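In what follows, a single structure is set out as structure tokens and then discussed.
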Amino acid sequence: MAMLILPSSKYEAGFYDMMRDYQAHEERYFDDDYFCRDFDFEGYIKDMEDMSRGVNLPPGHVPCTEWWLVNEDGDFIGTVRLRHYLSDYNSEEGGHIGYDISPRYRNQ
């Protein structure tokens with residue numbers, strides 16, 4: 001069984017496992033910045049919390065809540081995002097819902 005949870009530093013290792021899975025499958029959707037030595041994972045979690053509240057949004061972004069999909073063993077399966085409303089760009093590309101599933105968990 002899978003469940004949606006709010007992003008948490010508890011799942012940092014699983015998040016990086018998903019990033020490595022994307023790299024192993026030569027999918028470059030996720031930025032290599034996640035693997036920089038000085039990447040601030042706690043800051044990333046804070047940015048997602050801010051984005052959910054509509055605080056400190058980058059130009060052109062709209063409030064968006066992200067959940068992480070994990071299984072009963074705590075394995076990180078993917079992400080789900082819900083944009084609270086659409087910008088002009090999202091009306092054409094992206095829409096209200098976004099998601100990413102780790103390649104090893106697809107088609108299951």
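FYI, nothing fancy with the structure tokens labels: chains A, B, ... in order, residues from 1 per chain, ligands from 1 as they appear.
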
Applying 10 Å and only C-alpha atoms, which residues near Trp68 of chain A remain after dropping the ones on its own chain fewer than 6 positions away? List them as a PyMOL selection string. chain A and resi 2-8+11+15+76-81+99-101

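Using only C-alpha atoms, the residues found no farther than 12 Å from Asn90 of chain A, other than those of its own chain fewer than 4 positions away, are Gly60, His61, Val62, Pro63, Cys64, Leu82, Arg83, His84, Tyr85, Leu86, Gly94, Gly95, His96, Ile97 and Gly98 of chain A.
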
Residues flagged strand (DSSP E) by DSSP in chain A, as a PyMOL selection string
chain A and resi 2-5+64-71+76-83+97-101

Atoms to include: N, CA, C and O atoms. Write the selected residues as a tab-separated table (two decimals), in the first residue's frame.
```
chain	number	residue	atom	x	y	z
A	2	ALA	N	0.51	2.23	-0.76
A	2	ALA	CA	1.26	3.49	-0.82
A	2	ALA	C	0.46	4.58	-0.11
A	2	ALA	O	-0.75	4.51	-0.02
A	3	MET	N	1.20	5.56	0.41
A	3	MET	CA	0.53	6.67	1.08
A	3	MET	C	1.20	7.98	0.70
A	3	MET	O	2.38	8.01	0.36
A	4	LEU	N	0.42	9.06	0.74
A	4	LEU	CA	0.94	10.39	0.48
A	4	LEU	C	1.29	11.04	1.81
A	4	LEU	O	0.49	11.03	2.75
A	5	ILE	N	2.48	11.61	1.87
A	5	ILE	CA	2.93	12.30	3.07
A	5	ILE	C	3.46	13.67	2.68
A	5	ILE	O	3.84	13.90	1.52
A	64	CYS	N	1.63	25.93	-4.68
A	64	CYS	CA	1.61	24.52	-5.07
A	64	CYS	C	1.95	23.68	-3.86
A	64	CYS	O	2.91	23.98	-3.15
A	65	THR	N	1.17	22.65	-3.60
A	65	THR	CA	1.45	21.74	-2.49
A	65	THR	C	2.00	20.45	-3.07
A	65	THR	O	1.47	19.92	-4.04
A	66	GLU	N	3.09	19.98	-2.47
A	66	GLU	CA	3.71	18.73	-2.91
A	66	GLU	C	3.59	17.69	-1.80
A	66	GLU	O	3.75	18.00	-0.62
A	67	TRP	N	3.27	16.48	-2.20
A	67	TRP	CA	3.27	15.33	-1.31
A	67	TRP	C	4.25	14.32	-1.87
A	67	TRP	O	4.52	14.28	-3.06
A	68	TRP	N	4.76	13.49	-0.99
A	68	TRP	CA	5.63	12.40	-1.41
A	68	TRP	C	4.88	11.09	-1.25
A	68	TRP	O	4.14	10.89	-0.29
A	69	LEU	N	5.08	10.22	-2.21
A	69	LEU	CA	4.44	8.91	-2.23
A	69	LEU	C	5.45	7.89	-1.72
A	69	LEU	O	6.53	7.72	-2.30
A	70	VAL	N	5.10	7.23	-0.62
A	70	VAL	CA	5.97	6.21	-0.04
A	70	VAL	C	5.16	4.94	0.18
A	70	VAL	O	3.93	4.99	0.31
A	71	ASN	N	5.85	3.81	0.21
A	71	ASN	CA	5.14	2.56	0.48
A	71	ASN	C	5.23	2.22	1.97
A	71	ASN	O	5.83	2.95	2.75
A	76	PHE	N	10.67	5.45	-1.05
A	76	PHE	CA	10.23	6.64	-1.75
A	76	PHE	C	9.85	6.26	-3.18
A	76	PHE	O	10.68	5.83	-3.96
A	77	ILE	N	8.58	6.42	-3.52
A	77	ILE	CA	8.07	6.02	-4.83
A	77	ILE	C	8.02	7.20	-5.80
A	77	ILE	O	8.31	7.06	-6.98
A	78	GLY	N	7.64	8.37	-5.31
A	78	GLY	CA	7.53	9.52	-6.20
A	78	GLY	C	6.98	10.74	-5.50
A	78	GLY	O	6.90	10.82	-4.28
A	79	THR	N	6.58	11.71	-6.33
A	79	THR	CA	6.04	12.97	-5.84
A	79	THR	C	4.73	13.27	-6.55
A	79	THR	O	4.52	12.84	-7.68
A	80	VAL	N	3.88	14.02	-5.88
A	80	VAL	CA	2.62	14.49	-6.46
A	80	VAL	C	2.50	15.97	-6.09
A	80	VAL	O	2.75	16.34	-4.94
A	81	ARG	N	2.17	16.81	-7.06
A	81	ARG	CA	2.03	18.25	-6.83
A	81	ARG	C	0.65	18.71	-7.27
A	81	ARG	O	0.15	18.29	-8.31
A	82	LEU	N	0.07	19.58	-6.49
A	82	LEU	CA	-1.22	20.18	-6.82
A	82	LEU	C	-1.05	21.69	-6.82
A	82	LEU	O	-0.76	22.29	-5.78
A	83	ARG	N	-1.20	22.29	-8.00
A	83	ARG	CA	-1.16	23.75	-8.10
A	83	ARG	C	-2.52	24.29	-7.69
A	83	ARG	O	-3.55	23.83	-8.16
A	97	ILE	N	-2.11	19.43	-11.84
A	97	ILE	CA	-1.50	18.28	-11.18
A	97	ILE	C	-0.20	17.89	-11.88
A	97	ILE	O	-0.13	17.81	-13.11
A	98	GLY	N	0.82	17.66	-11.08
A	98	GLY	CA	2.09	17.16	-11.59
A	98	GLY	C	2.51	15.97	-10.75
A	98	GLY	O	2.12	15.85	-9.59
A	99	TYR	N	3.28	15.08	-11.32
A	99	TYR	CA	3.76	13.93	-10.55
A	99	TYR	C	5.03	13.39	-11.18
A	99	TYR	O	5.30	13.62	-12.36
A	100	ASP	N	5.79	12.71	-10.38
A	100	ASP	CA	7.01	12.03	-10.81
A	100	ASP	C	7.05	10.69	-10.10
A	100	ASP	O	6.90	10.64	-8.88
A	101	ILE	N	7.23	9.64	-10.86
A	101	ILE	CA	7.33	8.30	-10.28
A	101	ILE	C	8.72	7.76	-10.60
A	101	ILE	O	9.15	7.77	-11.75
```

Which of chain A counts as helix (DSSP H, G or I) under DSSP, as a compact mmCIF listing (two decimals) with all heavy atoms, in the first residue's frame please?
```
# COMPACT_ATOMS: atom_id res chain seq x y z
N SER A 9 12.35 15.68 6.17
CA SER A 9 13.76 15.27 6.13
C SER A 9 13.93 13.79 6.48
O SER A 9 14.95 13.19 6.16
CB SER A 9 14.59 16.14 7.08
OG SER A 9 14.10 16.06 8.39
N LYS A 10 12.92 13.20 7.09
CA LYS A 10 12.95 11.76 7.40
C LYS A 10 13.16 10.92 6.13
O LYS A 10 13.70 9.83 6.19
CB LYS A 10 11.64 11.38 8.08
CG LYS A 10 11.47 9.91 8.35
CD LYS A 10 10.12 9.62 8.99
CE LYS A 10 9.91 8.14 9.17
NZ LYS A 10 8.60 7.83 9.76
N TYR A 11 12.72 11.45 5.00
CA TYR A 11 12.78 10.69 3.74
C TYR A 11 13.89 11.18 2.80
O TYR A 11 13.87 10.91 1.61
CB TYR A 11 11.42 10.75 3.04
CG TYR A 11 10.37 10.01 3.82
CD1 TYR A 11 9.54 10.68 4.72
CD2 TYR A 11 10.23 8.63 3.72
CE1 TYR A 11 8.60 9.99 5.47
CE2 TYR A 11 9.30 7.94 4.46
CZ TYR A 11 8.48 8.62 5.34
OH TYR A 11 7.56 7.94 6.09
N GLU A 12 14.88 11.88 3.37
CA GLU A 12 15.95 12.42 2.53
C GLU A 12 16.67 11.32 1.76
O GLU A 12 16.91 11.45 0.55
CB GLU A 12 16.94 13.21 3.39
CG GLU A 12 18.06 13.82 2.58
CD GLU A 12 18.98 14.71 3.41
OE1 GLU A 12 18.82 14.79 4.66
OE2 GLU A 12 19.87 15.32 2.80
N ALA A 13 17.01 10.22 2.42
CA ALA A 13 17.73 9.13 1.74
C ALA A 13 16.88 8.57 0.60
O ALA A 13 17.40 8.32 -0.50
CB ALA A 13 18.10 8.04 2.73
N GLY A 14 15.59 8.40 0.82
CA GLY A 14 14.70 7.89 -0.21
C GLY A 14 14.57 8.86 -1.38
O GLY A 14 14.50 8.44 -2.54
N PHE A 15 14.55 10.14 -1.08
CA PHE A 15 14.50 11.16 -2.12
C PHE A 15 15.72 11.03 -3.03
O PHE A 15 15.60 11.01 -4.25
CB PHE A 15 14.44 12.55 -1.48
CG PHE A 15 14.38 13.68 -2.46
CD1 PHE A 15 13.16 14.10 -2.97
CD2 PHE A 15 15.53 14.32 -2.87
CE1 PHE A 15 13.10 15.14 -3.88
CE2 PHE A 15 15.47 15.37 -3.77
CZ PHE A 15 14.25 15.78 -4.28
N TYR A 16 16.90 10.91 -2.42
CA TYR A 16 18.12 10.75 -3.21
C TYR A 16 18.14 9.43 -3.96
O TYR A 16 18.68 9.34 -5.08
CB TYR A 16 19.35 10.93 -2.35
CG TYR A 16 19.63 12.39 -2.03
CD1 TYR A 16 19.53 12.86 -0.74
CD2 TYR A 16 19.96 13.29 -3.04
CE1 TYR A 16 19.76 14.20 -0.45
CE2 TYR A 16 20.20 14.62 -2.77
CZ TYR A 16 20.10 15.07 -1.46
OH TYR A 16 20.32 16.39 -1.20
N ASP A 17 17.56 8.38 -3.40
CA ASP A 17 17.45 7.11 -4.13
C ASP A 17 16.65 7.31 -5.41
O ASP A 17 17.01 6.77 -6.46
CB ASP A 17 16.75 6.04 -3.27
CG ASP A 17 17.66 5.45 -2.21
OD1 ASP A 17 18.89 5.64 -2.29
OD2 ASP A 17 17.13 4.80 -1.28
N MET A 18 15.56 8.10 -5.33
CA MET A 18 14.77 8.35 -6.53
C MET A 18 15.59 9.15 -7.56
O MET A 18 15.56 8.86 -8.75
CB MET A 18 13.48 9.10 -6.20
CG MET A 18 12.59 9.27 -7.44
SD MET A 18 10.98 10.01 -7.09
CE MET A 18 11.37 11.74 -7.26
N MET A 19 16.35 10.13 -7.09
CA MET A 19 17.18 10.92 -8.01
C MET A 19 18.20 10.01 -8.72
O MET A 19 18.40 10.12 -9.92
CB MET A 19 17.93 12.02 -7.26
CG MET A 19 17.08 13.06 -6.56
SD MET A 19 15.99 13.96 -7.67
CE MET A 19 14.44 13.22 -7.21
N ARG A 20 18.82 9.10 -7.95
CA ARG A 20 19.79 8.18 -8.55
C ARG A 20 19.12 7.23 -9.54
O ARG A 20 19.69 6.87 -10.57
CB ARG A 20 20.53 7.41 -7.46
CG ARG A 20 21.60 8.23 -6.78
CD ARG A 20 22.46 7.40 -5.84
NE ARG A 20 21.73 7.03 -4.63
CZ ARG A 20 21.59 7.81 -3.57
NH1 ARG A 20 22.13 9.01 -3.55
NH2 ARG A 20 20.92 7.39 -2.51
N ASP A 21 17.88 6.84 -9.24
CA ASP A 21 17.13 5.97 -10.15
C ASP A 21 16.89 6.70 -11.48
O ASP A 21 17.04 6.12 -12.55
CB ASP A 21 15.81 5.55 -9.50
CG ASP A 21 15.13 4.40 -10.20
OD1 ASP A 21 15.81 3.61 -10.89
OD2 ASP A 21 13.90 4.28 -10.05
N TYR A 22 16.52 7.97 -11.39
CA TYR A 22 16.35 8.76 -12.62
C TYR A 22 17.65 8.82 -13.40
O TYR A 22 17.67 8.65 -14.62
CB TYR A 22 15.87 10.18 -12.28
CG TYR A 22 14.37 10.32 -12.29
CD1 TYR A 22 13.62 10.04 -11.16
CD2 TYR A 22 13.70 10.74 -13.43
CE1 TYR A 22 12.25 10.17 -11.16
CE2 TYR A 22 12.33 10.88 -13.44
CZ TYR A 22 11.61 10.59 -12.31
OH TYR A 22 10.24 10.71 -12.32
N GLN A 23 18.76 9.06 -12.71
CA GLN A 23 20.06 9.12 -13.39
C GLN A 23 20.41 7.78 -14.03
O GLN A 23 20.89 7.73 -15.16
CB GLN A 23 21.16 9.53 -12.42
CG GLN A 23 21.12 10.99 -12.07
CD GLN A 23 22.28 11.37 -11.16
OE1 GLN A 23 22.73 10.60 -10.32
NE2 GLN A 23 22.75 12.59 -11.32
N ALA A 24 20.18 6.68 -13.31
CA ALA A 24 20.50 5.35 -13.83
C ALA A 24 19.72 5.03 -15.09
O ALA A 24 20.18 4.29 -15.95
CB ALA A 24 20.23 4.29 -12.76
N ASP A 32 20.60 18.30 -11.62
CA ASP A 32 21.77 17.79 -10.92
C ASP A 32 22.11 18.60 -9.68
O ASP A 32 22.96 18.20 -8.89
CB ASP A 32 22.98 17.73 -11.86
CG ASP A 32 22.85 16.63 -12.90
OD1 ASP A 32 22.14 15.64 -12.63
OD2 ASP A 32 23.45 16.76 -13.98
N ASP A 33 21.45 19.76 -9.49
CA ASP A 33 21.70 20.56 -8.29
C ASP A 33 21.43 19.76 -7.02
O ASP A 33 22.03 20.02 -5.98
CB ASP A 33 20.81 21.81 -8.26
CG ASP A 33 21.25 22.85 -9.27
OD1 ASP A 33 22.38 22.72 -9.81
OD2 ASP A 33 20.49 23.79 -9.52
N TYR A 34 20.52 18.79 -7.09
CA TYR A 34 20.22 17.98 -5.91
C TYR A 34 21.45 17.22 -5.42
O TYR A 34 21.51 16.81 -4.28
CB TYR A 34 19.11 16.96 -6.21
CG TYR A 34 17.77 17.58 -6.48
CD1 TYR A 34 17.14 17.39 -7.70
CD2 TYR A 34 17.12 18.35 -5.52
CE1 TYR A 34 15.88 17.94 -7.95
CE2 TYR A 34 15.89 18.92 -5.77
CZ TYR A 34 15.27 18.70 -6.99
OH TYR A 34 14.05 19.25 -7.23
N PHE A 35 22.41 17.01 -6.30
CA PHE A 35 23.58 16.23 -5.94
C PHE A 35 24.81 17.09 -5.66
O PHE A 35 25.88 16.58 -5.41
CB PHE A 35 23.90 15.21 -7.04
CG PHE A 35 22.83 14.16 -7.15
CD1 PHE A 35 21.92 14.21 -8.20
CD2 PHE A 35 22.73 13.15 -6.21
CE1 PHE A 35 20.93 13.24 -8.29
CE2 PHE A 35 21.74 12.19 -6.30
CZ PHE A 35 20.84 12.24 -7.35
N PHE A 41 19.08 20.40 1.78
CA PHE A 41 17.84 19.63 1.75
C PHE A 41 16.79 20.23 2.68
O PHE A 41 15.62 20.32 2.33
CB PHE A 41 18.11 18.16 2.10
CG PHE A 41 16.94 17.27 1.81
CD1 PHE A 41 16.70 16.83 0.51
CD2 PHE A 41 16.08 16.87 2.82
CE1 PHE A 41 15.61 16.02 0.23
CE2 PHE A 41 14.99 16.05 2.54
CZ PHE A 41 14.76 15.63 1.24
N GLU A 42 17.19 20.66 3.87
CA GLU A 42 16.25 21.29 4.81
C GLU A 42 15.68 22.57 4.19
O GLU A 42 14.49 22.86 4.35
CB GLU A 42 16.92 21.58 6.15
CG GLU A 42 17.26 20.35 6.94
CD GLU A 42 16.04 19.56 7.38
OE1 GLU A 42 15.00 20.16 7.67
OE2 GLU A 42 16.15 18.32 7.42
N GLY A 43 16.52 23.32 3.50
CA GLY A 43 16.05 24.53 2.81
C GLY A 43 15.06 24.18 1.71
O GLY A 43 14.08 24.91 1.48
N TYR A 44 15.29 23.07 1.04
CA TYR A 44 14.38 22.59 0.00
C TYR A 44 13.01 22.27 0.59
O TYR A 44 11.97 22.66 0.05
CB TYR A 44 15.00 21.37 -0.67
CG TYR A 44 14.15 20.70 -1.71
CD1 TYR A 44 13.82 21.37 -2.89
CD2 TYR A 44 13.70 19.41 -1.53
CE1 TYR A 44 13.04 20.75 -3.86
CE2 TYR A 44 12.93 18.78 -2.49
CZ TYR A 44 12.61 19.46 -3.66
OH TYR A 44 11.84 18.84 -4.60
N ILE A 45 13.00 21.60 1.74
CA ILE A 45 11.74 21.29 2.42
C ILE A 45 11.03 22.60 2.79
O ILE A 45 9.82 22.75 2.57
CB ILE A 45 11.99 20.44 3.70
CG1 ILE A 45 12.66 19.11 3.36
CG2 ILE A 45 10.71 20.26 4.49
CD1 ILE A 45 11.80 18.11 2.68
N LYS A 46 11.78 23.56 3.32
CA LYS A 46 11.20 24.86 3.69
C LYS A 46 10.63 25.56 2.46
O LYS A 46 9.54 26.15 2.52
CB LYS A 46 12.28 25.72 4.36
CG LYS A 46 11.91 27.16 4.57
CD LYS A 46 11.12 27.35 5.84
CE LYS A 46 10.94 28.80 6.23
NZ LYS A 46 10.05 29.57 5.42
N ASP A 47 11.34 25.52 1.34
CA ASP A 47 10.84 26.13 0.10
C ASP A 47 9.52 25.51 -0.32
O ASP A 47 8.61 26.21 -0.78
CB ASP A 47 11.86 25.98 -1.03
CG ASP A 47 13.08 26.87 -0.85
OD1 ASP A 47 13.04 27.80 -0.01
OD2 ASP A 47 14.08 26.63 -1.55
N MET A 48 9.38 24.20 -0.18
CA MET A 48 8.12 23.55 -0.53
C MET A 48 6.99 23.96 0.41
O MET A 48 5.85 24.14 -0.02
CB MET A 48 8.29 22.02 -0.56
CG MET A 48 9.02 21.54 -1.80
SD MET A 48 8.99 19.76 -1.99
CE MET A 48 10.13 19.28 -0.71
N GLU A 49 7.32 24.12 1.69
CA GLU A 49 6.31 24.60 2.65
C GLU A 49 5.86 26.02 2.28
O GLU A 49 4.68 26.33 2.30
CB GLU A 49 6.87 24.56 4.07
CG GLU A 49 7.08 23.17 4.61
CD GLU A 49 7.88 23.13 5.90
OE1 GLU A 49 8.36 24.21 6.36
OE2 GLU A 49 8.04 22.04 6.46
N ASP A 50 6.84 26.87 1.96
CA ASP A 50 6.52 28.24 1.54
C ASP A 50 5.66 28.24 0.28
O ASP A 50 4.68 28.98 0.19
CB ASP A 50 7.80 29.04 1.28
CG ASP A 50 8.50 29.49 2.54
OD1 ASP A 50 7.94 29.32 3.65
OD2 ASP A 50 9.64 30.01 2.42
N MET A 51 6.04 27.41 -0.69
CA MET A 51 5.30 27.37 -1.94
C MET A 51 3.85 26.95 -1.69
O MET A 51 2.93 27.48 -2.31
CB MET A 51 5.98 26.43 -2.93
CG MET A 51 5.38 26.48 -4.32
SD MET A 51 6.48 25.80 -5.55
CE MET A 51 7.08 27.32 -6.26
N SER A 52 3.64 26.04 -0.77
CA SER A 52 2.29 25.59 -0.45
C SER A 52 1.45 26.73 0.13
O SER A 52 0.25 26.82 -0.12
CB SER A 52 2.36 24.42 0.54
OG SER A 52 1.07 23.95 0.83
N ARG A 53 2.11 27.61 0.90
CA ARG A 53 1.42 28.75 1.50
C ARG A 53 1.40 29.97 0.59
O ARG A 53 0.83 30.99 0.96
CB ARG A 53 2.08 29.10 2.84
CG ARG A 53 1.88 28.04 3.91
CD ARG A 53 2.35 28.51 5.28
NE ARG A 53 3.62 29.21 5.29
CZ ARG A 53 4.81 28.65 5.45
NH1 ARG A 53 4.91 27.35 5.60
NH2 ARG A 53 5.91 29.37 5.47
N ASP A 88 -0.90 31.64 -16.52
CA ASP A 88 -1.11 31.53 -17.97
C ASP A 88 -0.29 30.37 -18.53
O ASP A 88 -0.78 29.59 -19.34
CB ASP A 88 -0.72 32.83 -18.68
CG ASP A 88 -1.70 33.96 -18.40
OD1 ASP A 88 -2.85 33.67 -17.99
OD2 ASP A 88 -1.31 35.12 -18.58
N TYR A 89 0.95 30.23 -18.05
CA TYR A 89 1.81 29.15 -18.53
C TYR A 89 1.21 27.78 -18.19
O TYR A 89 1.12 26.90 -19.05
CB TYR A 89 3.21 29.28 -17.92
CG TYR A 89 4.10 28.09 -18.23
CD1 TYR A 89 4.71 27.96 -19.49
CD2 TYR A 89 4.31 27.09 -17.30
CE1 TYR A 89 5.50 26.88 -19.78
CE2 TYR A 89 5.11 25.99 -17.59
CZ TYR A 89 5.70 25.90 -18.83
OH TYR A 89 6.48 24.81 -19.12
N ASN A 90 0.78 27.60 -16.92
CA ASN A 90 0.23 26.31 -16.52
C ASN A 90 -1.10 26.00 -17.20
O ASN A 90 -1.49 24.84 -17.28
CB ASN A 90 0.05 26.23 -15.01
CG ASN A 90 1.36 26.21 -14.27
OD1 ASN A 90 1.57 26.97 -13.34
ND2 ASN A 90 2.27 25.34 -14.68
N SER A 91 -1.78 27.02 -17.66
CA SER A 91 -3.02 26.77 -18.40
C SER A 91 -2.73 26.06 -19.71
O SER A 91 -3.57 25.32 -20.22
CB SER A 91 -3.75 28.09 -18.67
OG SER A 91 -4.22 28.64 -17.46
N GLU A 92 -1.54 26.30 -20.26
CA GLU A 92 -1.14 25.69 -21.52
C GLU A 92 -0.27 24.46 -21.33
O GLU A 92 -0.31 23.53 -22.11
CB GLU A 92 -0.36 26.72 -22.37
CG GLU A 92 -1.15 27.93 -22.76
CD GLU A 92 -2.28 27.60 -23.74
OE1 GLU A 92 -2.06 26.73 -24.61
OE2 GLU A 92 -3.35 28.21 -23.62
N PRO A 103 11.53 5.55 -11.79
CA PRO A 103 11.44 4.56 -12.85
C PRO A 103 11.24 3.11 -12.38
O PRO A 103 10.50 2.36 -12.98
CB PRO A 103 12.76 4.72 -13.60
CG PRO A 103 13.10 6.17 -13.43
CD PRO A 103 12.67 6.48 -12.02
N ARG A 104 11.86 2.74 -11.28
CA ARG A 104 11.74 1.35 -10.83
C ARG A 104 10.34 1.00 -10.31
O ARG A 104 10.02 -0.17 -10.15
CB ARG A 104 12.80 1.02 -9.79
CG ARG A 104 12.57 1.72 -8.49
CD ARG A 104 13.61 1.37 -7.47
NE ARG A 104 13.90 2.60 -6.73
CZ ARG A 104 15.02 2.86 -6.14
NH1 ARG A 104 16.00 1.99 -6.20
NH2 ARG A 104 15.20 3.97 -5.50
N TYR A 105 9.51 2.01 -10.03
CA TYR A 105 8.17 1.75 -9.51
C TYR A 105 7.06 1.95 -10.55
O TYR A 105 5.89 1.79 -10.23
CB TYR A 105 7.88 2.64 -8.29
CG TYR A 105 8.67 2.23 -7.08
CD1 TYR A 105 9.77 2.96 -6.67
CD2 TYR A 105 8.33 1.08 -6.36
CE1 TYR A 105 10.51 2.58 -5.56
CE2 TYR A 105 9.07 0.69 -5.27
CZ TYR A 105 10.15 1.45 -4.87
OH TYR A 105 10.88 1.06 -3.78
```
